[in-house]
>>> print(open('start-v2.txt').read())   # compact mmCIF, C-alpha atoms and all ligand atoms
# COMPACT_ATOMS: atom_id res chain seq x y z
CA MET C 226 16.63 5.87 -35.13
CA THR C 227 14.45 3.76 -32.90
CA ALA C 228 12.25 1.48 -34.97
CA PRO C 229 8.56 2.27 -34.58
CA GLY C 230 7.08 0.09 -31.91
CA ASN C 231 10.52 -0.63 -30.46
CA GLY C 232 9.53 1.20 -27.33
CA PRO C 233 11.21 4.57 -26.90
CA GLU C 234 10.61 5.58 -23.31
CA VAL C 235 7.68 7.89 -23.34
CA PRO C 236 6.28 9.03 -20.02
CA ALA C 237 3.09 7.24 -19.05
CA GLU C 238 -0.01 9.01 -20.26
CA GLY C 239 -0.25 12.38 -18.58
CA GLY C 240 2.98 11.70 -16.68
CA LEU C 241 4.97 14.75 -17.69
CA VAL C 242 1.93 16.99 -17.83
CA ALA C 243 0.75 15.90 -14.38
CA GLU C 244 4.27 16.46 -13.08
CA LEU C 245 4.39 19.94 -14.60
CA GLN C 246 1.00 20.83 -13.13
CA GLN C 247 2.21 19.97 -9.64
CA MET C 248 5.37 22.07 -9.86
CA THR C 249 5.78 25.34 -8.00
CA ALA C 250 6.63 28.44 -10.06
CA GLU C 251 10.26 28.06 -9.00
CA GLU C 252 10.41 24.39 -9.97
CA LEU C 253 8.73 25.21 -13.29
CA ALA C 254 11.32 27.90 -14.06
CA GLU C 255 14.10 25.43 -13.21
CA HIS C 256 12.49 22.80 -15.44
CA GLU C 257 12.22 25.27 -18.35
CA ALA C 258 15.87 26.21 -17.96
CA GLU C 259 16.84 22.53 -18.05
CA VAL C 260 14.71 21.96 -21.15
CA ALA C 261 16.25 25.00 -22.84
CA GLU C 262 19.71 23.64 -22.09
CA VAL C 263 18.90 20.37 -23.86
CA VAL C 264 17.11 22.10 -26.72
CA ALA C 265 20.02 24.40 -27.56
CA PRO C 266 23.10 22.66 -26.23
CA GLU C 267 25.49 24.74 -28.31
CA ARG C 268 25.23 27.80 -26.11
CA GLU C 269 28.18 29.46 -27.82
CA ILE C 270 25.88 30.32 -30.74
CA ALA C 271 24.59 33.19 -28.61
CA VAL C 272 28.09 34.67 -28.39
CA ASP C 273 28.17 35.81 -32.01
CA VAL C 274 24.74 37.46 -32.00
CA GLY C 275 24.66 40.26 -34.56
CA GLU C 276 27.23 38.80 -36.96
CA THR C 277 26.06 37.87 -40.43
CA LEU C 278 25.02 34.22 -40.42
CA LEU C 279 23.60 33.82 -43.91
CA GLU C 280 24.17 35.87 -47.03
CA ILE C 281 22.16 35.65 -50.19
CA GLU C 282 24.01 37.26 -53.09
CA ASP C 283 22.37 38.07 -56.42
CA LEU C 284 20.26 34.93 -56.23
CA THR C 285 18.36 34.20 -59.43
CA VAL C 286 16.09 31.22 -60.08
CA ARG C 287 14.44 30.72 -63.47
CA PHE C 288 11.86 28.16 -64.46
CA GLY C 289 11.97 28.14 -68.26
CA GLY C 290 10.94 31.65 -69.26
CA LEU C 291 9.76 32.62 -65.76
CA THR C 292 12.16 34.42 -63.43
CA ALA C 293 10.85 33.44 -59.99
CA LEU C 294 13.76 35.14 -58.17
CA ASP C 295 15.61 37.99 -59.82
CA SER C 296 19.05 38.88 -58.48
CA VAL C 297 17.94 39.04 -54.84
CA SER C 298 20.46 39.89 -52.12
CA PHE C 299 20.03 40.12 -48.35
CA GLY C 300 21.70 38.95 -45.17
CA ILE C 301 20.51 37.44 -41.90
CA ARG C 302 22.25 38.31 -38.65
CA ARG C 303 22.76 35.73 -35.96
CA GLY C 304 20.07 35.95 -33.32
CA ASP C 305 17.61 37.84 -35.54
CA ILE C 306 14.11 36.92 -36.63
CA LEU C 307 13.96 37.98 -40.28
CA GLY C 308 10.62 38.11 -42.07
CA LEU C 309 10.46 37.33 -45.80
CA ILE C 310 7.19 38.68 -47.12
CA GLY C 311 5.50 39.52 -50.41
CA PRO C 312 2.25 38.88 -52.26
CA ASN C 313 1.40 35.42 -53.66
CA GLY C 314 3.92 34.27 -56.26
CA ALA C 315 6.54 36.84 -55.18
CA GLY C 316 9.28 34.18 -54.89
CA LYS C 317 9.45 33.56 -51.13
CA THR C 318 9.24 29.77 -51.21
CA THR C 319 11.54 29.68 -54.24
CA CYS C 320 14.08 31.55 -52.13
CA PHE C 321 13.72 28.95 -49.32
CA ASN C 322 14.00 26.16 -51.88
CA ALA C 323 17.16 27.62 -53.41
CA MET C 324 18.68 28.05 -49.94
CA THR C 325 17.90 24.51 -48.80
CA GLY C 326 19.00 22.61 -51.92
CA VAL C 327 15.53 21.85 -53.28
CA TYR C 328 16.23 24.02 -56.37
CA ARG C 329 19.57 24.84 -57.94
CA PRO C 330 19.95 28.60 -58.31
CA THR C 331 20.33 29.73 -61.94
CA SER C 332 22.96 32.16 -60.67
CA GLY C 333 24.08 33.82 -57.47
CA LYS C 334 25.29 32.46 -54.16
CA VAL C 335 24.11 31.46 -50.72
CA LEU C 336 26.77 31.66 -48.01
CA LEU C 337 26.40 30.23 -44.52
CA GLU C 338 29.00 31.58 -42.07
CA GLY C 339 30.89 32.98 -45.06
CA LYS C 340 31.12 29.63 -46.87
CA PRO C 341 29.14 29.04 -50.08
CA LEU C 342 26.60 26.22 -49.97
CA GLY C 343 27.34 25.62 -53.66
CA LYS C 344 25.73 22.49 -55.02
CA LEU C 345 25.34 20.70 -51.70
CA ALA C 346 22.52 18.17 -51.53
CA LYS C 347 19.59 18.84 -49.19
CA HIS C 348 20.80 16.58 -46.37
CA ASN C 349 24.26 18.16 -46.44
CA ILE C 350 22.73 21.62 -46.19
CA THR C 351 20.80 20.36 -43.15
CA ARG C 352 24.10 19.16 -41.68
CA ARG C 353 25.66 22.54 -42.35
CA GLY C 354 22.93 24.07 -40.21
CA ILE C 355 19.81 25.11 -42.14
CA ALA C 356 16.51 23.46 -41.19
CA ARG C 357 13.05 24.24 -42.47
CA THR C 358 9.39 23.53 -42.16
CA PHE C 359 7.02 23.38 -45.13
CA GLN C 360 3.93 25.28 -46.21
CA ASN C 361 2.15 21.92 -46.43
CA ILE C 362 2.94 19.89 -43.33
CA ARG C 363 5.25 16.95 -44.06
CA LEU C 364 5.34 14.49 -41.17
CA PHE C 365 5.59 10.70 -40.97
CA GLY C 366 1.91 10.17 -40.17
CA GLU C 367 2.22 6.57 -38.94
CA MET C 368 5.10 7.39 -36.59
CA THR C 369 4.56 8.83 -33.14
CA ALA C 370 5.30 12.48 -32.44
CA LEU C 371 8.42 11.39 -30.53
CA GLU C 372 9.65 9.21 -33.39
CA ASN C 373 9.18 12.06 -35.86
CA VAL C 374 11.54 14.19 -33.78
CA VAL C 375 14.03 11.36 -33.24
CA VAL C 376 14.27 11.11 -37.04
CA GLY C 377 15.37 14.77 -37.06
CA THR C 378 18.15 14.10 -34.55
CA ASP C 379 19.54 11.43 -36.91
CA ALA C 380 21.06 14.20 -39.02
CA ARG C 381 23.56 14.75 -36.21
CA HIS C 382 24.44 11.12 -35.47
CA LYS C 383 28.06 10.13 -35.78
CA THR C 384 27.79 6.31 -35.62
CA SER C 385 28.62 4.45 -38.82
CA VAL C 386 26.05 2.24 -40.53
CA MET C 387 28.00 -0.77 -39.23
CA GLY C 388 27.90 0.67 -35.71
CA ALA C 389 24.14 0.99 -35.99
CA LEU C 390 23.75 -2.55 -37.40
CA ILE C 391 25.71 -4.19 -34.60
CA ARG C 392 24.15 -1.77 -32.10
CA SER C 393 27.52 -0.63 -30.78
CA PRO C 394 27.65 1.04 -27.33
CA ARG C 395 28.20 4.38 -29.09
CA HIS C 396 25.08 3.84 -31.18
CA HIS C 397 23.10 2.84 -28.10
CA LYS C 398 24.27 5.97 -26.25
CA GLU C 399 23.38 8.19 -29.21
CA GLU C 400 19.97 6.59 -29.42
CA ARG C 401 19.23 7.28 -25.76
CA ALA C 402 20.45 10.84 -26.09
CA ALA C 403 18.28 11.31 -29.19
CA ILE C 404 15.16 10.14 -27.36
CA GLU C 405 15.86 12.40 -24.38
CA ARG C 406 16.49 15.36 -26.65
CA ALA C 407 13.38 14.64 -28.72
CA MET C 408 11.29 14.54 -25.53
CA ALA C 409 12.80 17.86 -24.41
CA LEU C 410 12.00 19.39 -27.81
CA LEU C 411 8.37 18.25 -27.63
CA ASP C 412 8.21 19.84 -24.19
CA PHE C 413 9.83 23.02 -25.55
CA VAL C 414 7.22 23.43 -28.32
CA GLY C 415 4.42 22.56 -25.88
CA ILE C 416 3.22 19.16 -27.13
CA ALA C 417 4.98 16.68 -24.83
CA ASP C 418 1.60 15.41 -23.62
CA ARG C 419 1.02 13.82 -27.07
CA ALA C 420 4.51 12.31 -27.54
CA ALA C 421 3.17 8.78 -27.92
CA ASP C 422 0.41 9.64 -30.40
CA LYS C 423 0.76 8.98 -34.11
CA ALA C 424 1.47 12.23 -35.94
CA ARG C 425 -1.60 11.82 -38.15
CA ASN C 426 -3.86 11.74 -35.07
CA LEU C 427 -2.59 15.03 -33.67
CA PRO C 428 -4.66 18.21 -33.96
CA TYR C 429 -3.51 20.53 -36.76
CA GLY C 430 -1.83 23.05 -34.44
CA TYR C 431 0.13 20.24 -32.76
CA GLN C 432 1.28 18.97 -36.15
CA ARG C 433 2.65 22.42 -36.98
CA ARG C 434 4.50 22.52 -33.65
CA LEU C 435 5.77 18.99 -34.25
CA GLU C 436 7.28 20.11 -37.57
CA ILE C 437 9.11 22.87 -35.72
CA ALA C 438 10.38 20.42 -33.07
CA ARG C 439 11.62 18.08 -35.80
CA ALA C 440 13.46 20.92 -37.55
CA LEU C 441 15.03 21.99 -34.23
CA ALA C 442 16.19 18.41 -33.68
CA THR C 443 18.80 18.89 -36.41
CA GLU C 444 20.39 21.61 -34.22
CA PRO C 445 20.13 24.24 -36.94
CA LYS C 446 22.00 27.52 -36.99
CA LEU C 447 19.15 28.88 -39.07
CA LEU C 448 15.53 27.78 -38.76
CA CYS C 449 13.34 28.59 -41.79
CA LEU C 450 9.60 28.58 -41.16
CA ASP C 451 7.37 28.58 -44.26
CA GLU C 452 3.95 30.00 -43.31
CA PRO C 453 3.82 28.40 -39.86
CA ALA C 454 0.59 30.23 -38.96
CA ALA C 455 -1.38 29.05 -42.00
CA GLY C 456 -4.80 27.90 -40.82
CA PHE C 457 -4.33 29.19 -37.26
CA ASN C 458 -6.95 31.14 -35.32
CA PRO C 459 -5.93 34.40 -33.56
CA ILE C 460 -5.18 32.64 -30.25
CA GLU C 461 -3.01 30.04 -31.95
CA LYS C 462 -1.22 32.84 -33.83
CA GLU C 463 -0.52 34.61 -30.56
CA GLN C 464 0.88 31.36 -29.08
CA LEU C 465 3.01 30.82 -32.19
CA MET C 466 4.50 34.30 -31.82
CA GLY C 467 5.47 33.35 -28.28
CA LEU C 468 7.09 30.13 -29.51
CA ILE C 469 9.05 31.90 -32.27
CA ARG C 470 10.39 34.41 -29.73
CA LYS C 471 11.26 31.58 -27.35
CA ILE C 472 13.18 29.82 -30.14
CA ARG C 473 15.16 32.97 -30.85
CA ASP C 474 15.76 33.63 -27.16
CA ASP C 475 17.20 30.14 -26.96
CA GLY C 476 19.97 31.11 -29.38
CA TYR C 477 18.55 30.26 -32.79
CA THR C 478 18.27 32.52 -35.83
CA VAL C 479 14.91 32.44 -37.60
CA LEU C 480 13.81 33.18 -41.17
CA LEU C 481 10.06 33.46 -41.39
CA ILE C 482 7.79 33.45 -44.44
CA GLU C 483 4.35 34.51 -43.32
CA HIS C 484 1.30 36.18 -44.84
CA ASP C 485 -0.20 37.34 -41.57
CA MET C 486 1.13 40.89 -41.28
CA LYS C 487 0.19 41.32 -37.64
CA LEU C 488 2.30 38.30 -36.78
CA VAL C 489 5.20 39.38 -39.01
CA MET C 490 5.19 42.95 -37.70
CA GLY C 491 4.88 41.72 -34.12
CA VAL C 492 7.68 39.17 -34.07
CA THR C 493 10.40 40.09 -36.57
CA ASP C 494 13.50 42.26 -36.11
CA ARG C 495 13.87 43.00 -39.83
CA ILE C 496 11.82 42.33 -42.93
CA VAL C 497 12.71 41.73 -46.59
CA VAL C 498 9.92 42.29 -49.11
CA LEU C 499 9.75 40.54 -52.49
CA GLU C 500 7.46 41.33 -55.40
CA PHE C 501 7.55 39.54 -58.75
CA GLY C 502 10.87 37.94 -57.79
CA LYS C 503 12.63 41.22 -56.92
CA LYS C 504 13.49 42.69 -53.54
CA ILE C 505 11.50 45.91 -53.22
CA ALA C 506 12.21 46.82 -49.60
CA GLU C 507 14.23 45.88 -46.52
CA GLY C 508 14.15 47.32 -43.01
CA VAL C 509 12.70 47.17 -39.53
CA PRO C 510 8.94 46.52 -39.26
CA ALA C 511 8.00 50.21 -38.77
CA GLU C 512 9.90 51.19 -41.96
CA ILE C 513 8.29 48.42 -43.96
CA ARG C 514 4.80 49.29 -42.75
CA ASP C 515 5.19 52.85 -44.05
CA ASP C 516 7.06 52.02 -47.26
CA PRO C 517 4.98 53.21 -50.25
CA ALA C 518 6.33 50.44 -52.53
CA VAL C 519 5.26 47.81 -49.99
CA VAL C 520 1.83 49.35 -49.49
CA ALA C 521 1.38 49.46 -53.29
CA ALA C 522 2.48 45.82 -53.63
CA TYR C 523 -0.16 44.76 -51.13
CA LEU C 524 -3.02 46.90 -52.46
CA GLY C 525 -5.87 44.68 -53.51
CA VAL C 526 -4.80 41.87 -51.19
CA PRO C 527 -7.72 42.03 -48.76
CA ASP C 528 -6.56 39.27 -46.41
CA ASP C 529 -3.42 41.07 -45.45
CA ASP C 530 -3.72 43.58 -42.70
CA LEU C 531 -0.92 46.10 -43.10
CA ALA C 532 -2.45 48.58 -40.67
N1 LIG X 601 8.81 24.30 -59.66
C1 LIG X 601 8.34 25.35 -60.31
N2 LIG X 601 8.18 25.32 -61.65
C2 LIG X 601 7.69 26.40 -62.31
N3 LIG X 601 7.34 27.55 -61.72
C3 LIG X 601 7.48 27.63 -60.38
C4 LIG X 601 7.98 26.56 -59.60
N4 LIG X 601 8.00 26.94 -58.30
C5 LIG X 601 7.53 28.20 -58.26
N5 LIG X 601 7.22 28.61 -59.52
C6 LIG X 601 6.72 29.93 -59.88
O1 LIG X 601 7.61 30.89 -59.35
C7 LIG X 601 6.91 32.03 -58.88
C8 LIG X 601 7.23 32.24 -57.42
O2 LIG X 601 6.62 31.21 -56.67
P1 LIG X 601 6.82 31.02 -55.10
O3 LIG X 601 6.09 29.77 -54.72
O4 LIG X 601 8.24 31.12 -54.78
O5 LIG X 601 6.07 32.31 -54.55
P2 LIG X 601 5.66 32.64 -53.05
O6 LIG X 601 6.05 34.04 -52.82
O7 LIG X 601 6.19 31.62 -52.13
O8 LIG X 601 4.07 32.55 -53.16
P3 LIG X 601 2.96 32.07 -52.08
O9 LIG X 601 2.88 33.15 -51.07
O10 LIG X 601 1.73 31.96 -52.89
O11 LIG X 601 3.41 30.75 -51.51
C9 LIG X 601 5.43 31.78 -59.14
O12 LIG X 601 5.09 32.40 -60.35
C10 LIG X 601 5.35 30.28 -59.24
O13 LIG X 601 4.29 29.89 -60.08
>>> encode(input="start-v2.txt", output="structure tokens")
Amino acid sequence: MTAPGNGPEVPAEGGLVAELQQMTAEELAEHEAEVAEVVAPEREIAVDVGETLLEIEDLTVRFGGLTALDSVSFGIRRGDILGLIGPNGAGKTTCFNAMTGVYRPTSGKVLLEGKPLGKLAKHNITRRGIARTFQNIRLFGEMTALENVVVGTDARHKTSVMGALIRSPRHHKEERAAIERAMALLDFVGIADRAADKARNLPYGYQRRLEIARALATEPKLLCLDEPAAGFNPIEKEQLMGLIRKIRDDGYTVLLIEHDMKLVMGVTDRIVVLEFGKKIAEGVPAEIRDDPAVVAAYLGVPDDDLA
């Protein structure tokens, strides 16, 4: 990682944005294709679209006497956007936490590409290919936006600690590549113009996008987004839908926890519904919208618009 203040090469203020503004439509399309190539370098991931990427088998998580997740099973296909929904306290975040090594499941399994994640620690699960964002934004506030993303790319670095200490040529090369990739990711999520700003000084919507860029920096096979639209206005929600689709179109698989039903129904390929820790429904958005058990689970939840 580049030490803060050590001068990663950020374009001069407005540089990239000014450049983009002057581009013709053709040049812009070419630029976007180049950015997409850097953002998802492992293009072969698109080849296996439709195969099962992640399987959750009979997953149970108990906290003392409370069963937060009760023998839940579902799968995620490569290239899909899967929505995980349910009323407050249904077990959605617990499911994310059990998948990403934050909680140990009481019983059941999580398999990525057919291999159980077992008792892997969080960072090893990230290395295996699951990245996530959090309900409450977690960024390094004193670091710049660019540095926050460079930190994410560290999960993929191959240099040894010694190599980093003596600043070996391999380490130097990796560092340059990390900065270039981080810049491309900021561009991809639409916040490259604020690359040099401290994360804590960014507007809220930019911080949410920065979290997504940082998660993408780990080159995940599966990107888990925990309520990414929380606190967004309708225009920002619309833009977020566009970004989630763009991420999927770039070859990633996405698992989305979100309360905003319009967004969930508009962007997902399939939906799994939890209530009181149990799976009560699974299907395509139109099936879920008309499912009596789902409608009943949401009755009395005025903020959610199931119509
Ligand atoms: N660390 C914990 N210790 C004890 N109970 C917990 C813990 N984490 C979650 N729970 C409980 O587990 C249940 C499921 O919580 P969870 O946060 O997974 O629900 P959720 O569907 O994500 O809800 P929300 O939409 O409100 O975020 C709740 O009853 C919650 O209080």
>>> residues_near_ligand(input="start-v2.txt", ligand="ligand LIG 601 (chain X)", cutoff="7 Å", atoms="all atoms listed in the file", output="list in words")
Phe288, Leu291, Ala293, Gly311, Pro312, Asn313, Gly314, Ala315, Gly316, Lys317, Thr318, Thr319, Cys320 and Gly502 of chain C
>>> closest_residue(input="start-v2.txt", among="C:Ile505, C:Leu337, C:Leu411, C:Ile472", to="Arg352 in chain C", atoms="all atoms listed in the file")
C:Leu337
>>> atom_distance(input="start-v2.txt", atom1="CA of Ala511 in chain C", atom2="CA of Asn458 in chain C")
24.5 Å
>>> closest_residue(input="start-v2.txt", among="C:Ile482, C:Ile496, C:Ala454, C:Ala421", to="Arg302 in chain C", atoms="all atoms listed in the file")
C:Ile496
>>> closest_residue(input="start-v2.txt", among="C:Pro330, C:Gly308, C:Pro453, C:Gly491", to="Val479 in chain C", atoms="all atoms listed in the file")
C:Gly308
>>> residues_near_point(input="start-v2.txt", point="(3.4, 46.6, -51.8)", cutoff="10 Å", atoms="only C-alpha atoms", output="PyMOL selection string")
chain C and resi 310-312+498-500+505-506+513-514+516-526+531
>>> closest_residue(input="start-v2.txt", among="C:Leu468, C:Ala424, C:Leu450, C:Val489", to="Phe321 in chain C", atoms="all atoms listed in the file")
C:Leu450
>>> atom_distance(input="start-v2.txt", atom1="CA of Ala438 in chain C", atom2="CA of Met324 in chain C")
20.3 Å
>>> atom_distance(input="start-v2.txt", atom1="CA of Leu448 in chain C", atom2="CA of Gly377 in chain C")
13.1 Å
>>> residues_around(input="start-v2.txt", residues="range 433-437 of chain C", least_positions_apart="6", cutoff="8 Å", atoms="all atoms listed in the file", output="list in words")
Arg357, Thr358, Ile362, Arg363, Leu364, Ala370, Asn373, Val374, Leu411, Val414, Gly415, Ile416, Leu450 and Pro453 of chain C
>>> write_last_selection(input="start-v2.txt", atoms="C-alpha atoms", output="CSV table (one decimal), in the coordinates of the input")
chain,number,residue,atom,x,y,z
C,357,ARG,CA,13.0,24.2,-42.5
C,358,THR,CA,9.4,23.5,-42.2
C,362,ILE,CA,2.9,19.9,-43.3
C,363,ARG,CA,5.2,17.0,-44.1
C,364,LEU,CA,5.3,14.5,-41.2
C,370,ALA,CA,5.3,12.5,-32.4
C,373,ASN,CA,9.2,12.1,-35.9
C,374,VAL,CA,11.5,14.2,-33.8
C,411,LEU,CA,8.4,18.2,-27.6
C,414,VAL,CA,7.2,23.4,-28.3
C,415,GLY,CA,4.4,22.6,-25.9
C,416,ILE,CA,3.2,19.2,-27.1
C,450,LEU,CA,9.6,28.6,-41.2
C,453,PRO,CA,3.8,28.4,-39.9
>>> residues_around(input="start-v2.txt", residues="Thr378 in chain C", least_positions_apart="5", cutoff="12 Å", atoms="only C-alpha atoms", output="MDAnalysis selection string")
chainID C and resid 226:227 264 351:352 356 371:373 383 399:408 410 438:445
>>> residues_around(input="start-v2.txt", residues="Leu342 in chain C", least_positions_apart="2", cutoff="9 Å", atoms="all atoms listed in the file", output="ChimeraX atom specification")
/C:324-326,334-337,340,344-345,350,353
>>> closest_residue(input="start-v2.txt", among="C:Asp412, C:Thr285, C:Leu309, C:Leu279", to="Glu507 in chain C", atoms="all atoms listed in the file")
C:Leu309
>>> closest_residue(input="start-v2.txt", among="C:Thr369, C:Thr249, C:Thr478, C:Thr493", to="Leu427 in chain C", atoms="only C-alpha atoms")
C:Thr369
